[in-house]
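Engineer: One file: my_file28.tsv (TSV, C-alpha atoms).
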```tsv
chain	number	residue	atom	x	y	z
A	1	MET	CA	91.92	118.31	120.61
A	2	THR	CA	91.11	119.89	117.27
A	3	THR	CA	87.66	118.87	116.11
A	4	ALA	CA	86.39	117.72	112.72
A	5	GLY	CA	84.58	121.03	112.28
A	6	VAL	CA	87.77	122.99	112.87
A	7	HIS	CA	89.72	120.87	110.41
A	8	TYR	CA	86.99	121.46	107.83
A	9	ARG	CA	87.09	125.21	108.42
A	10	VAL	CA	90.88	125.34	108.07
A	11	ILE	CA	90.83	123.63	104.69
A	12	ARG	CA	87.77	125.55	103.48
A	13	THR	CA	89.45	128.83	104.39
A	14	GLN	CA	92.60	127.83	102.52
A	15	LEU	CA	90.66	126.92	99.40
A	16	THR	CA	88.53	130.05	99.59
A	17	GLU	CA	91.65	132.20	99.68
A	18	LEU	CA	93.16	130.22	96.83
A	19	ALA	CA	90.04	130.64	94.68
A	20	GLY	CA	90.24	134.39	95.12
A	21	ASP	CA	93.61	134.41	93.34
A	22	LEU	CA	92.56	132.30	90.35
A	23	GLY	CA	91.83	133.68	86.91
A	24	PRO	CA	89.46	132.04	84.41
A	25	GLU	CA	92.22	130.00	82.78
A	26	GLN	CA	93.35	128.56	86.11
A	27	ALA	CA	89.76	127.85	87.15
A	28	ASP	CA	89.36	125.89	83.92
A	29	SER	CA	92.55	123.86	84.48
A	30	PRO	CA	92.01	120.09	84.25
A	31	VAL	CA	92.47	118.15	87.49
A	32	PRO	CA	94.65	115.06	86.85
A	33	ALA	CA	93.27	113.24	89.90
A	34	LEU	CA	89.69	113.74	88.65
A	35	PRO	CA	89.60	113.01	84.91
A	36	GLY	CA	87.10	115.20	83.11
A	37	TRP	CA	86.89	117.74	85.92
A	38	SER	CA	88.31	121.23	86.08
A	39	VAL	CA	89.38	123.15	89.17
A	40	GLN	CA	86.03	124.97	89.11
A	41	ASP	CA	84.18	121.64	88.83
A	42	THR	CA	85.95	120.45	91.96
A	43	TYR	CA	84.83	123.54	93.87
A	44	ALA	CA	81.30	122.91	92.58
A	45	HIS	CA	81.45	119.38	93.97
A	46	LEU	CA	82.56	120.67	97.38
A	47	ALA	CA	79.73	123.22	97.42
A	48	GLY	CA	77.34	120.47	96.41
A	49	ILE	CA	78.42	118.23	99.26
A	50	SER	CA	77.89	121.06	101.74
A	51	ALA	CA	74.37	121.57	100.40
A	52	ASP	CA	73.66	117.84	100.58
A	53	VAL	CA	74.86	117.55	104.17
A	54	LEU	CA	72.63	120.42	105.28
A	55	ALA	CA	69.68	118.99	103.35
A	56	GLY	CA	70.20	115.54	104.83
A	57	THR	CA	70.80	114.05	101.38
A	58	PRO	CA	72.81	110.81	101.70
A	59	ALA	CA	76.26	110.85	100.17
A	60	GLN	CA	76.85	108.47	97.26
A	61	PRO	CA	80.63	108.66	96.77
A	62	HIS	CA	80.70	105.76	94.30
A	63	SER	CA	77.93	107.26	92.15
A	64	ALA	CA	79.04	109.25	89.12
A	65	GLU	CA	75.47	110.52	88.80
A	66	TRP	CA	75.54	111.98	92.31
A	67	THR	CA	78.75	113.91	91.77
A	68	ALA	CA	77.70	114.96	88.26
A	69	GLY	CA	74.60	116.53	89.80
A	70	HIS	CA	76.76	118.85	91.89
A	71	LEU	CA	78.49	120.11	88.76
A	72	ALA	CA	75.36	120.38	86.64
A	73	ALA	CA	73.51	122.41	89.27
A	74	ARG	CA	76.31	124.99	89.26
A	75	ARG	CA	77.30	124.95	85.59
A	76	GLU	CA	76.10	128.49	84.95
A	77	ARG	CA	77.77	129.98	88.02
A	78	SER	CA	81.18	131.60	88.26
A	79	LEU	CA	83.84	130.27	90.59
A	80	ALA	CA	83.24	133.26	92.86
A	81	GLU	CA	79.53	132.43	93.07
A	82	ILE	CA	80.26	128.78	93.84
A	83	VAL	CA	82.67	129.75	96.60
A	84	GLU	CA	80.12	132.21	97.97
A	85	GLU	CA	77.52	129.43	98.26
A	86	TRP	CA	80.03	127.16	99.95
A	87	GLY	CA	81.05	129.95	102.32
A	88	ALA	CA	77.43	130.57	103.31
A	89	ASN	CA	77.01	126.89	104.16
A	90	GLY	CA	80.42	126.50	105.81
A	91	PRO	CA	79.72	127.62	109.39
A	92	ARG	CA	76.66	125.38	109.62
A	93	ILE	CA	78.56	122.40	108.21
A	94	GLU	CA	81.39	122.95	110.67
A	95	ALA	CA	79.01	123.19	113.62
A	96	PHE	CA	77.14	120.07	112.46
A	97	LEU	CA	80.36	118.04	112.19
A	98	ASP	CA	80.97	118.61	115.91
A	99	GLU	CA	77.49	117.50	116.97
A	100	PRO	CA	76.77	113.84	117.86
A	101	ASP	CA	74.43	113.50	114.88
A	102	GLY	CA	77.10	114.86	112.58
A	103	ARG	CA	79.80	112.30	113.32
A	104	PRO	CA	79.02	110.10	110.30
A	105	ALA	CA	79.53	113.18	108.12
A	106	VAL	CA	83.22	113.26	109.09
A	107	VAL	CA	83.88	111.72	105.68
A	108	ALA	CA	83.27	115.24	104.35
A	109	VAL	CA	86.57	116.27	105.94
A	110	ILE	CA	88.35	113.40	104.21
A	111	ASP	CA	86.77	114.35	100.89
A	112	LEU	CA	87.63	118.02	101.35
A	113	PHE	CA	91.24	117.31	102.31
A	114	HIS	CA	91.87	115.18	99.25
A	115	HIS	CA	90.10	117.48	96.83
A	116	SER	CA	92.10	120.38	98.21
A	117	HIS	CA	95.25	118.58	97.11
A	118	ASP	CA	93.69	117.50	93.84
A	119	ILE	CA	93.14	121.21	93.14
A	120	ARG	CA	96.66	122.10	94.20
A	121	GLY	CA	98.01	119.36	91.95
A	122	ALA	CA	96.16	120.85	89.00
A	123	LEU	CA	97.71	124.24	89.75
A	124	GLY	CA	101.22	122.93	90.35
A	125	ARG	CA	101.21	123.86	94.03
A	126	ARG	CA	102.88	121.82	96.78
A	127	GLU	CA	101.74	123.02	100.18
A	128	ALA	CA	99.68	122.20	103.30
A	129	ARG	CA	101.04	118.65	103.52
A	130	ASP	CA	102.65	118.51	106.96
A	131	THR	CA	99.57	119.70	108.82
A	132	PRO	CA	97.17	118.63	111.59
A	133	GLU	CA	94.63	118.03	108.84
A	134	ALA	CA	96.91	115.47	107.18
A	135	VAL	CA	97.34	113.70	110.52
A	136	PHE	CA	93.57	113.74	111.14
A	137	VAL	CA	92.71	112.32	107.73
A	138	ALA	CA	95.43	109.65	107.84
A	139	SER	CA	94.20	108.47	111.24
A	140	LEU	CA	90.59	108.27	110.03
A	141	LEU	CA	91.47	106.38	106.87
A	142	THR	CA	93.65	103.86	108.71
A	143	LYS	CA	90.86	103.34	111.24
A	144	PHE	CA	88.32	102.68	108.49
A	145	LYS	CA	90.67	100.39	106.55
A	146	ARG	CA	91.78	98.47	109.62
A	147	SER	CA	88.20	97.54	110.46
A	148	GLY	CA	87.49	94.14	108.99
A	149	TRP	CA	91.01	93.58	107.60
A	150	GLU	CA	91.70	90.48	109.71
A	151	GLN	CA	88.13	89.18	109.36
A	152	ALA	CA	88.55	89.32	105.60
A	153	GLY	CA	91.62	87.09	105.91
A	154	HIS	CA	94.06	89.64	104.54
A	155	PRO	CA	97.75	89.24	105.38
A	156	PRO	CA	99.02	91.25	108.36
A	157	ILE	CA	100.69	94.57	107.55
A	158	GLU	CA	102.03	97.54	109.46
A	159	LEU	CA	101.70	101.20	108.52
A	160	ALA	CA	103.56	104.00	110.29
A	161	THR	CA	103.89	107.76	110.04
A	162	GLY	CA	105.37	110.43	112.26
A	163	SER	CA	102.09	110.58	114.16
A	164	GLY	CA	101.52	106.89	114.88
A	165	SER	CA	101.59	103.29	113.71
A	166	TRP	CA	98.89	100.78	112.92
A	167	ARG	CA	98.91	97.00	112.65
A	168	PHE	CA	96.32	95.46	110.35
A	169	GLY	CA	95.49	91.78	110.74
A	170	GLU	CA	96.75	89.27	113.26
A	171	GLN	CA	98.67	91.06	115.98
A	172	ASP	CA	101.04	88.22	116.86
A	173	CYS	CA	102.26	87.55	113.32
A	174	VAL	CA	105.18	89.08	111.50
A	175	PRO	CA	103.72	91.55	108.99
A	176	THR	CA	103.87	90.58	105.35
A	177	ALA	CA	104.89	94.14	104.58
A	178	ALA	CA	105.53	97.34	106.52
A	179	LEU	CA	105.49	100.94	105.33
A	180	THR	CA	106.81	104.06	106.99
A	181	THR	CA	105.83	107.27	105.26
A	182	SER	CA	104.27	110.68	105.90
A	183	ASP	CA	100.66	111.18	106.98
A	184	PHE	CA	100.07	112.96	103.68
A	185	GLU	CA	101.41	110.11	101.54
A	186	LEU	CA	99.62	107.44	103.57
A	187	SER	CA	96.33	109.26	103.21
A	188	ARG	CA	96.85	109.64	99.45
A	189	ILE	CA	97.57	105.91	99.15
A	190	LEU	CA	94.55	104.88	101.19
A	191	ILE	CA	92.08	107.13	99.38
A	192	GLY	CA	93.30	106.06	95.93
A	193	ARG	CA	95.50	108.88	94.67
A	194	ARG	CA	98.59	106.79	93.97
A	195	SER	CA	99.00	104.39	91.05
A	196	ARG	CA	99.80	100.77	91.68
A	197	ALA	CA	103.39	101.41	90.65
A	198	GLN	CA	103.63	104.32	93.08
A	199	MET	CA	102.18	102.24	95.91
A	200	LEU	CA	104.64	99.42	95.30
A	201	ALA	CA	107.53	101.92	95.23
A	202	ALA	CA	106.46	103.74	98.41
A	203	GLY	CA	109.33	102.34	100.50
A	204	TRP	CA	108.07	99.09	101.97
A	205	THR	CA	109.96	96.44	103.85
A	206	GLY	CA	108.76	92.95	103.08
A	207	ASP	CA	106.59	92.21	100.07
A	208	PRO	CA	103.65	94.58	99.41
A	209	GLU	CA	102.57	92.77	96.23
A	210	PRO	CA	99.89	90.61	97.95
A	211	ILE	CA	98.24	93.54	99.71
A	212	VAL	CA	98.77	96.71	97.71
A	213	ASP	CA	95.54	96.31	95.71
A	214	LEU	CA	93.59	96.10	98.98
A	215	LEU	CA	94.65	99.52	100.23
A	216	PRO	CA	92.93	102.23	98.12
A	217	ARG	CA	89.33	103.18	98.77
A	218	PHE	CA	88.92	104.39	95.18
A	219	GLY	CA	90.86	103.75	91.99
A	220	PRO	CA	93.81	103.62	91.94
A	221	PRO	CA	94.67	105.90	89.01
A	222	VAL	CA	96.19	104.28	85.95
A	223	THR	CA	98.93	106.90	85.69
A	224	ASP	CA	101.11	108.37	88.43
A	225	LEU	CA	99.92	111.43	90.32
A	226	THR	CA	102.69	113.72	91.47
A	227	GLU	CA	100.89	116.60	93.15
```
Re-express the file's structure as structure tokens.
Structural biologist:
Amino acid sequence: MTTAGVHYRVIRTQLTELAGDLGPEQADSPVPALPGWSVQDTYAHLAGISADVLAGTPAQPHSAEWTAGHLAARRERSLAEIVEEWGANGPRIEAFLDEPDGRPAVVAVIDLFHHSHDIRGALGRREARDTPEAVFVASLLTKFKRSGWEQAGHPPIELATGSGSWRFGEQDCVPTAALTTSDFELSRILIGRRSRAQMLAAGWTGDPEPIVDLLPRFGPPVTDLTE
């Protein structure tokens, strides 16, 4: 079974190679999924997370101040210098993710996966969607979302991809809504990279209206994202 550390390394390697092909104008491209950020800012955030993990600094994903600190600390560096820092930290991050103490840090893989596609979206690239990393992230996000769904009294739903299916809520009830989609699209919905209109139009059976606002971890964006 491919480990969290390996998934992290695969995506980091892809983004490192991509960065090597970018000129200044592309590095400065705005990222629609991250208003106010450029492609280079997103790399700075990823390097900042790697530094935080190694330093034992707790992640604060809902804190704008925390993420802004990653960018501010690297404002005077070039994209190449940011990627070099990230590359120096990478092997230790990947080893840590596969240690028992590093299991809670698996959210770094989720963050990296989604930011990799945020960057690709900014550059007009559509790639690396049907991958083991997409399957891994979709399975993690459904696991996290499923926990507590029934206890919160939410209506039962069913989500399915080519890699598996998940029932949220009471198991012996007909689901209020059911969605079959790709691992990539499910992960983008659950993290908060699809607008409400996009989520409603994702191809449900049943009525997703009562539950669609409960799905995204962040957001959702006001406008459609089409990366």
Engineer: May I ask which of the residues A:Gly102, A:Pro210, A:Gly20, A:Gly192 is the closest one to His115 of chain A, counting only C-alpha atoms?
Structural biologist: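 For His115 of chain A, the nearest of the given residues is A:Gly192.
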Engineer: Can you tell me which residues surround Leu34 of chain A at a distance of at most 10 Å, considering all atoms listed in the file, apart from same-chain residues fewer than 2 positions away, and format the answer as a compact mmCIF listing (two decimals) with C-alpha atoms, keeping the file's coordinate frame?
Structural biologist:
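This is the output file out34.txt:
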```txt
# COMPACT_ATOMS: atom_id res chain seq x y z
CA PRO A 30 92.01 120.09 84.25
CA VAL A 31 92.47 118.15 87.49
CA PRO A 32 94.65 115.06 86.85
CA GLY A 36 87.10 115.20 83.11
CA TRP A 37 86.89 117.74 85.92
CA SER A 38 88.31 121.23 86.08
CA VAL A 39 89.38 123.15 89.17
CA ASP A 41 84.18 121.64 88.83
CA THR A 42 85.95 120.45 91.96
CA HIS A 115 90.10 117.48 96.83
CA ASP A 118 93.69 117.50 93.84
CA ILE A 119 93.14 121.21 93.14
CA ALA A 122 96.16 120.85 89.00
CA ARG A 193 95.50 108.88 94.67
CA PRO A 221 94.67 105.90 89.01
```
Engineer: Compile a residue-level contact table for segment 5-86 of chain A against segment 216-219 of chain A at a cut-off of 12 Å, reporting for every qualifying residue the shortest atom pair and its distance in Å to one decimal, with all atoms listed in the file counted, rows ordered by chain and ascending number, as CSV.
Structural biologist:
```
residue,atom,partner,partner_atom,distance
A:Ala33,CA,A:Gly219,CA,10.0
A:Leu34,CA,A:Gly219,CA,10.6
A:Pro35,CA,A:Gly219,CA,11.7
A:Pro61,CA,A:Phe218,CA,9.5
A:His62,CA,A:Phe218,CA,8.4
A:Ser63,CA,A:Phe218,CA,11.8
```
Engineer: Nearest to Phe113 of chain A: which of A:Ala51, A:Val174, A:Leu15, A:Ala68 is it, counting all atoms listed in the file?
Structural biologist: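 Smallest separation from Phe113 of chain A among the options: A:Leu15.
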Engineer: Listed atoms of segment 3-12 of chain A, axis-aligned box, 8 Å per side: centre and edge lengths to one decimal in Å, as JSON?
Structural biologist:
```
{"center_x": 87.7, "center_y": 121.6, "center_z": 109.8, "size_x": 22.3, "size_y": 23.8, "size_z": 28.6}
```
Engineer: Could you tell me how far atom CA of Gln14 of chain A sits from atom CA of Gly162 of chain A, in Å to one decimal place?
Structural biologist: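 Interatomic distance, atom CA of Gly162 of chain A to atom CA of Gln14 of chain A: 23.7 Å.
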Engineer: Quick one: of A:Gln151, A:Thr161, A:Ser182, A:Thr3, who's nearest to Leu97 of chain A, counting all atoms listed in the file?
Structural biologist: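 Checking each candidate against Leu97 of chain A, we get A:Thr3 as the closest.
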Engineer: By how many Å are atom CA of Asp224 of chain A and atom CA of Arg194 of chain A apart?
Structural biologist: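 One can read the atom CA of Asp224 of chain A to atom CA of Arg194 of chain A distance as 6.3 Å.
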Engineer: So how far away is atom CA of Gly48 of chain A from atom CA of Ala19 of chain A, in Å?
Structural biologist: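 Separation between atom CA of Ala19 of chain A and atom CA of Gly48 of chain A: 16.4 Å.
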Engineer: Kindly indicate which residue among A:Leu140, A:Gly69, A:Trp204, A:Asp111 lies nearest to Glu158 of chain A, using only C-alpha atoms for the distances.
Structural biologist: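 For Glu158 of chain A, the nearest of the given residues is A:Trp204.
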Engineer: Between A:Phe144, A:Phe96, A:Trp149, A:Phe184, which residue has the minimum interatomic distance to Arg129 of chain A, considering all atoms listed in the file?
Structural biologist: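 Nearest candidate to Arg129 of chain A out of A:Phe144, A:Phe96, A:Trp149, A:Phe184: A:Phe184.
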Engineer: Which of these, A:Gln40, A:Ser116, A:Ser139, A:Thr226, has the shortest distance to Ser195 of chain A once you count only C-alpha atoms?
Structural biologist: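 Using only C-alpha atoms, the shortest distance to Ser195 of chain A belongs to A:Thr226.
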Engineer: Can you list, as an MDAnalysis selection string, every protein, DNA or RNA residue that comes within 12 Å of segment 133-136 of chain A when you count all atoms listed in the file, leaving out same-chain residues fewer than 3 positions away?
Structural biologist: chainID A and resid 1:12 14 106:107 109:114 116:117 127:130 139:143 160:165 181:188
Engineer: Determine, counting all atoms listed in the file, every residue of protein, DNA or RNA that lies within 7 Å of (93.3, 94.2, 104.1) in the file coordinates, then give the result as an MDAnalysis selection string.
Structural biologist: chainID A and resid 149:150 152 154:155 211 214:215
Engineer: Now that the selection is made, can you save its residues with C-alpha atoms as a CSV table (one decimal), in the frame of the given file?
Structural biologist:
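The file below, again_21.csv, is the result:
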```
chain,number,residue,atom,x,y,z
A,149,TRP,CA,91.0,93.6,107.6
A,150,GLU,CA,91.7,90.5,109.7
A,152,ALA,CA,88.6,89.3,105.6
A,154,HIS,CA,94.1,89.6,104.5
A,155,PRO,CA,97.8,89.2,105.4
A,211,ILE,CA,98.2,93.5,99.7
A,214,LEU,CA,93.6,96.1,99.0
A,215,LEU,CA,94.6,99.5,100.2
```
